[in-house]
Each structure stands twice: as C-alpha cells, then as structure tokens.
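Heads up: the structure comes next, in structure tokens.
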Amino acid sequence: MARANLDKKPIEVSTMFDAVGKRYDLTNTLMTGGLDRYWRKRITERLNPQPGEKVLDLAAGTAISTEALAENGAWCVACDFSRGMLHAGAHRDVPKVCGDGMNLPFADNTFDAVTITWGLRNINDPGLGLRELARVTKPGGRLTVAEFSTPIIPVFSSVYMNGIMAALPAIARAASSNPDAYVYLAESIRAWPKQEELARLINANGWEDCGWQNLTFGIAAMHSAIKPE
C-alpha cells in the first residue's frame with residue numbers, strides 16, 4: 001500500500017490518498033473521537049459562506065466539508081489532487097474538480113471565499129499553495145485554513161505529541177484501508193509549524209491580517225485572513 005514521505009512528492013501524496021479514500025471519513029471520525037464533526041461545524045461558521053457566493057474547498061477529499069459549506073446556499077466546489085478521494089465522495093451532490101494545489105485550474109479572482117482543511121500540510125510547497133489560493137480569490141475575499149496544530153497546554157501537548165500521535169497507526173489499522181498512511185499523518189503533524197509560524201507564512205504569501213482560533217486546546221487551529229483589496 002502507498003505511503004508518502006515528508007518530502008511530499010505530489011504523486012506519492014496523491015497515490016496514498018487514493019488508497020485511503022474508501023474508508024477515510026469513518027477513520028477520521030474514529031481517530032478523533034467524533035471531534036471531526038464539531039471541527040467541521042466550527043470551520044463552516046468561521047468561513048461563513050453566504051447565499052450566492054462562490055467558495056473553493058481545496059483538499060476537499062470526499063467533499064464532506066464542501067457539502068457542509070454549501071448548506072447556506074453558497075455555490076461550493078470540491079477540489080482535490082486525489083481522484084480516489086473524490087470518487088469516494090461521488091454520492092455528495094456538489095461540483096468536484098481534480099486539481100493541483102500548486103497550480104489551481106481556476107481563473108484569477110473567481111471565488112469570494114476559499115478554504116483548505118487538513119490539506120495545506122500535504123502540499124509540497126505550502127507557500128505556493130497559499131499564493132495560488134490568493135490568486136483565485138477576489139480582492140477582499142476570505143481564507144480559512146484548518147490544520148492540526150500545537151496544543152496550548154504544555155502537559156497535554158507532551159501527551160498528545162508523544163502518546164496519541166504514536167497510537168495513530170494502531171487506531172488506523174482498525175478502520176483504514178491503508179494504515180501505513182497514518183504513520184505519515186503523525187509525522188507530518190509533528191513537523192508542522194506552530195500557530196504563530198503558520199500565521200506568518202500566510203501573511204507572507206498573498207494574504208493579510210491573519211489570526212487564528214484554537215480548536216480543542218490547540219489540537220487543531222483555524223487560521224483566517226483576507227486578500228488585500
């Protein structure tokens with residue numbers, strides 16, 4: 001079965017996610033103890049898509065997040081590099097496009113709002129991915145990035161990083177079609193920038209006024225920013 005390394009070669013990442021698509025949503029719910037549903041609600045509220053707006057959900061996977069974003073009447077498109085993930089979400093009634101986060105298949109200034117959830121970590125060049133998101137967003141448009149992050153309580157942070165992360169592959173074996181992919185997941189979370197560092201990266205790549213809100217004591221965080229007028 002496929003498994004990507006932290007150099008995040010696009011073909012390796014795509015192939016790895018192709019292999020986990022079938023049971024991806026179930027695995028995420030089991031591994032987060034159901035927190036994924038709560039996080040999805042918070043992310044949707046934060047991006048606040050409005051009726052008539054055009055919204056891009058990048059790294060949308062099975063389009064479960066896109067479906068939630070579209071509930072208020074916005075036109076939302078799911079874009080992901082993995083055809084297997086999009087195929088696993090074929091039953092969800094939202095537009096789906098297979099596309100590379102470093103070379104998005106959309107025109108400049110298309111979207112009112114863009115989001116990437118649990119996916120910026122998997123782009124080979126996150127800065128380029130952020131610039132591409134800015135390119136396809138209208139001036140004044142909104143960005144929300146949701147990612148696993150660094151817990152803000154020191155004792156909990158140590159338990160989370162050294163204990164829970166180490167247990168992820170074992171948990172995945174009970175549900176995932178490719179448990180080895182979750183070794184990559186744990187490694188990529190440990191290597192990911194802290195909240196402050198990610199905010200600086202976002203501001204340096206086409207966005208401004210980036211701030212963040214922690215989810216579940218910083219296990220995850222939502223970073224939000226605006227494209228300059």
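Chain identifiers are assigned as A, B, and so on, following the order in which chains appear in the structure tokens; residues are numbered from 1 within each chain, and ligands are numbered from 1 in order of appearance.
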| message | Give me, as a VMD selection string, all polymer residues having an atom no more than 12 Å from A:Leu35, counting only C-alpha atoms and skipping those fewer than 5 positions away in the same chain. | response | chain A and resid 27 to 30 40 to 42 215 to 216 219 to 220
Using backbone DSSP assignments, extract all helix (DSSP H, G or I) residues from stretch 40-187 of chain A; output them as a compact mmCIF listing (two decimals) with C-alpha atoms, in the first residue's frame.
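Final output, saved to part.txt:
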```txt
# COMPACT_ATOMS: atom_id res chain seq x y z
CA ARG A 40 -16.28 20.91 10.55
CA LYS A 41 -19.15 22.93 12.07
CA ARG A 42 -16.74 25.49 13.52
CA ILE A 43 -14.85 25.82 10.23
CA THR A 44 -18.08 26.41 8.30
CA GLU A 45 -19.17 29.05 10.82
CA ARG A 46 -15.78 30.75 10.60
CA LEU A 47 -15.68 30.96 6.80
CA ILE A 64 -17.81 16.05 3.23
CA SER A 65 -16.62 19.55 4.17
CA THR A 66 -17.84 21.01 0.85
CA GLU A 67 -21.30 19.66 1.48
CA ALA A 68 -21.39 21.43 4.86
CA LEU A 69 -20.16 24.69 3.33
CA ALA A 70 -22.94 24.62 0.72
CA GLU A 71 -25.79 24.26 3.22
CA ASN A 72 -26.43 28.02 3.43
CA ARG A 83 -9.15 11.16 -7.81
CA GLY A 84 -9.70 8.27 -5.42
CA MET A 85 -10.82 10.61 -2.64
CA LEU A 86 -13.21 12.47 -4.93
CA HIS A 87 -14.58 9.16 -6.20
CA ALA A 88 -15.23 8.07 -2.60
CA LEU A 120 -2.03 22.52 3.47
CA ARG A 121 0.38 20.14 5.24
CA ASN A 122 0.25 17.83 2.24
CA PRO A 126 2.64 25.37 1.19
CA GLY A 127 3.67 28.95 0.38
CA LEU A 128 2.95 28.39 -3.30
CA GLY A 129 -0.35 26.76 -2.38
CA LEU A 130 -1.32 29.85 -0.38
CA ARG A 131 -0.36 32.14 -3.26
CA GLU A 132 -2.48 30.06 -5.63
CA LEU A 133 -5.42 30.33 -3.25
CA ALA A 134 -4.91 34.11 -3.18
CA ARG A 135 -4.72 34.26 -6.97
CA PRO A 154 2.21 22.04 27.98
CA VAL A 155 1.41 18.75 29.76
CA PHE A 156 -1.35 17.90 27.31
CA SER A 157 0.94 18.84 24.41
CA SER A 158 3.52 16.29 25.53
CA VAL A 159 0.90 13.55 25.97
CA TYR A 160 -0.64 14.36 22.60
CA MET A 161 2.57 14.53 20.59
CA ASN A 162 4.30 11.54 22.19
CA GLY A 163 1.38 9.32 23.11
CA ILE A 164 -1.66 9.89 20.94
CA MET A 165 0.37 10.50 17.78
CA ALA A 166 2.29 7.27 18.36
CA ALA A 167 -1.01 5.40 18.65
CA LEU A 168 -2.50 6.70 15.39
CA PRO A 169 -1.27 3.84 13.17
CA ALA A 170 -2.68 1.25 15.57
CA ILE A 171 -6.05 3.02 15.63
CA ALA A 172 -6.00 3.26 11.84
CA ARG A 173 -5.49 -0.50 11.48
CA ALA A 181 -0.65 6.28 5.57
CA TYR A 182 -1.35 7.31 9.14
CA VAL A 183 2.33 6.98 10.02
CA TYR A 184 2.83 9.80 7.52
CA LEU A 185 -0.09 11.68 9.13
CA ALA A 186 1.53 11.57 12.57
CA GLU A 187 4.94 12.55 11.21
```
So that I can see what lies close to A:Glu147, please list as a CSV table (one decimal) with N, CA, C and O atoms, in the first residue's frame the residues with an atom at most 10 Å from it, counting only C-alpha atoms and leaving out residues fewer than 6 positions away in the same chain.
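Output contents, as saved in part.csv:
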```csv
chain,number,residue,atom,x,y,z
A,116,ILE,N,-9.0,25.5,3.0
A,116,ILE,CA,-8.3,24.3,2.9
A,116,ILE,C,-8.2,23.6,4.3
A,116,ILE,O,-7.7,24.3,5.2
A,117,THR,N,-8.8,22.5,4.4
A,117,THR,CA,-8.9,21.8,5.7
A,117,THR,C,-8.1,20.5,5.7
A,117,THR,O,-8.3,19.6,4.9
A,118,TRP,N,-7.2,20.4,6.6
A,118,TRP,CA,-6.3,19.3,6.8
A,118,TRP,C,-5.5,19.0,5.6
A,118,TRP,O,-5.1,17.8,5.3
A,119,GLY,N,-5.2,20.0,4.7
A,119,GLY,CA,-4.6,19.7,3.5
A,119,GLY,C,-3.3,20.5,3.2
A,119,GLY,O,-2.5,20.1,2.3
A,120,LEU,N,-3.2,21.7,3.8
A,120,LEU,CA,-2.0,22.5,3.5
A,120,LEU,C,-0.7,21.8,3.8
A,120,LEU,O,0.3,21.9,3.1
A,121,ARG,N,-0.8,21.0,4.8
A,121,ARG,CA,0.4,20.1,5.2
A,121,ARG,C,0.9,19.2,4.1
A,121,ARG,O,2.0,18.9,4.1
A,189,ILE,N,2.2,15.9,11.2
A,189,ILE,CA,1.6,16.8,12.2
A,189,ILE,C,2.8,17.3,13.1
A,189,ILE,O,2.9,18.5,13.5
A,192,TRP,N,4.8,20.1,11.5
A,192,TRP,CA,4.1,21.3,11.0
A,192,TRP,C,4.3,22.5,11.9
A,192,TRP,O,4.5,22.3,13.1
A,195,GLN,N,1.1,27.7,15.6
A,195,GLN,CA,0.1,28.6,15.2
A,195,GLN,C,0.7,30.0,14.7
A,195,GLN,O,0.4,30.5,13.7
A,198,LEU,N,2.6,29.6,11.3
A,198,LEU,CA,1.7,29.5,10.2
A,198,LEU,C,1.1,30.8,9.9
A,198,LEU,O,0.9,31.1,8.7
A,214,ASN,N,-8.0,28.5,18.2
A,214,ASN,CA,-7.6,27.1,18.6
A,214,ASN,C,-8.9,26.3,18.7
A,214,ASN,O,-9.9,26.7,19.2
A,215,LEU,N,-8.8,25.0,18.3
A,215,LEU,CA,-9.9,24.0,18.4
A,215,LEU,C,-9.4,22.9,19.4
A,215,LEU,O,-8.3,22.4,19.2
A,218,GLY,N,-6.0,23.5,21.0
A,218,GLY,CA,-4.9,23.6,20.1
A,218,GLY,C,-4.5,22.3,19.3
A,218,GLY,O,-3.6,22.3,18.6
A,219,ILE,N,-5.3,21.2,19.6
A,219,ILE,CA,-5.0,20.1,18.7
A,219,ILE,C,-5.1,20.4,17.3
A,219,ILE,O,-4.4,20.0,16.4
A,220,ALA,N,-6.1,21.3,17.0
A,220,ALA,CA,-6.2,21.9,15.6
A,220,ALA,C,-6.4,23.4,15.8
A,220,ALA,O,-6.6,23.9,16.9
A,221,ALA,N,-6.3,24.1,14.7
A,221,ALA,CA,-6.5,25.6,14.7
A,221,ALA,C,-7.0,26.0,13.4
A,221,ALA,O,-6.7,25.4,12.3
A,222,MET,N,-7.8,27.1,13.4
A,222,MET,CA,-8.3,27.7,12.2
A,222,MET,C,-7.6,29.0,12.1
A,222,MET,O,-7.7,29.9,13.0
A,223,HIS,N,-7.0,29.2,11.0
A,223,HIS,CA,-6.3,30.5,10.6
A,223,HIS,C,-7.2,31.2,9.6
A,223,HIS,O,-7.5,30.6,8.6
```
| request: Please provide the set of residues having any atom within 8 Å of stretch 99-110 of chain A, restricted to only C-alpha atoms, with same-chain residues fewer than 6 positions apart removed, written as number ranges by chain. | output: A: 54, 58-59, 79-81, 123, 125, 128-129, 132-133, 135-139
| task | Determine the nearest neighbour of A:Ala63 from the options A:Trp207, A:His91, A:Asn48, A:Trp75, counting only C-alpha atoms. | result |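 When distances to A:Ala63 are compared using only C-alpha atoms, the smallest one comes from A:His91.
Pairwise distance (atom CA of A:Val55, atom CA of A:Arg92) equals 16.1 Å.
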| Closest to A:Thr115 among A:Leu56, A:Val97, A:Phe148, A:Glu196, using only C-alpha atoms? |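 Of A:Leu56, A:Val97, A:Phe148, A:Glu196, the one nearest A:Thr115 is A:Leu56, counting only C-alpha atoms.
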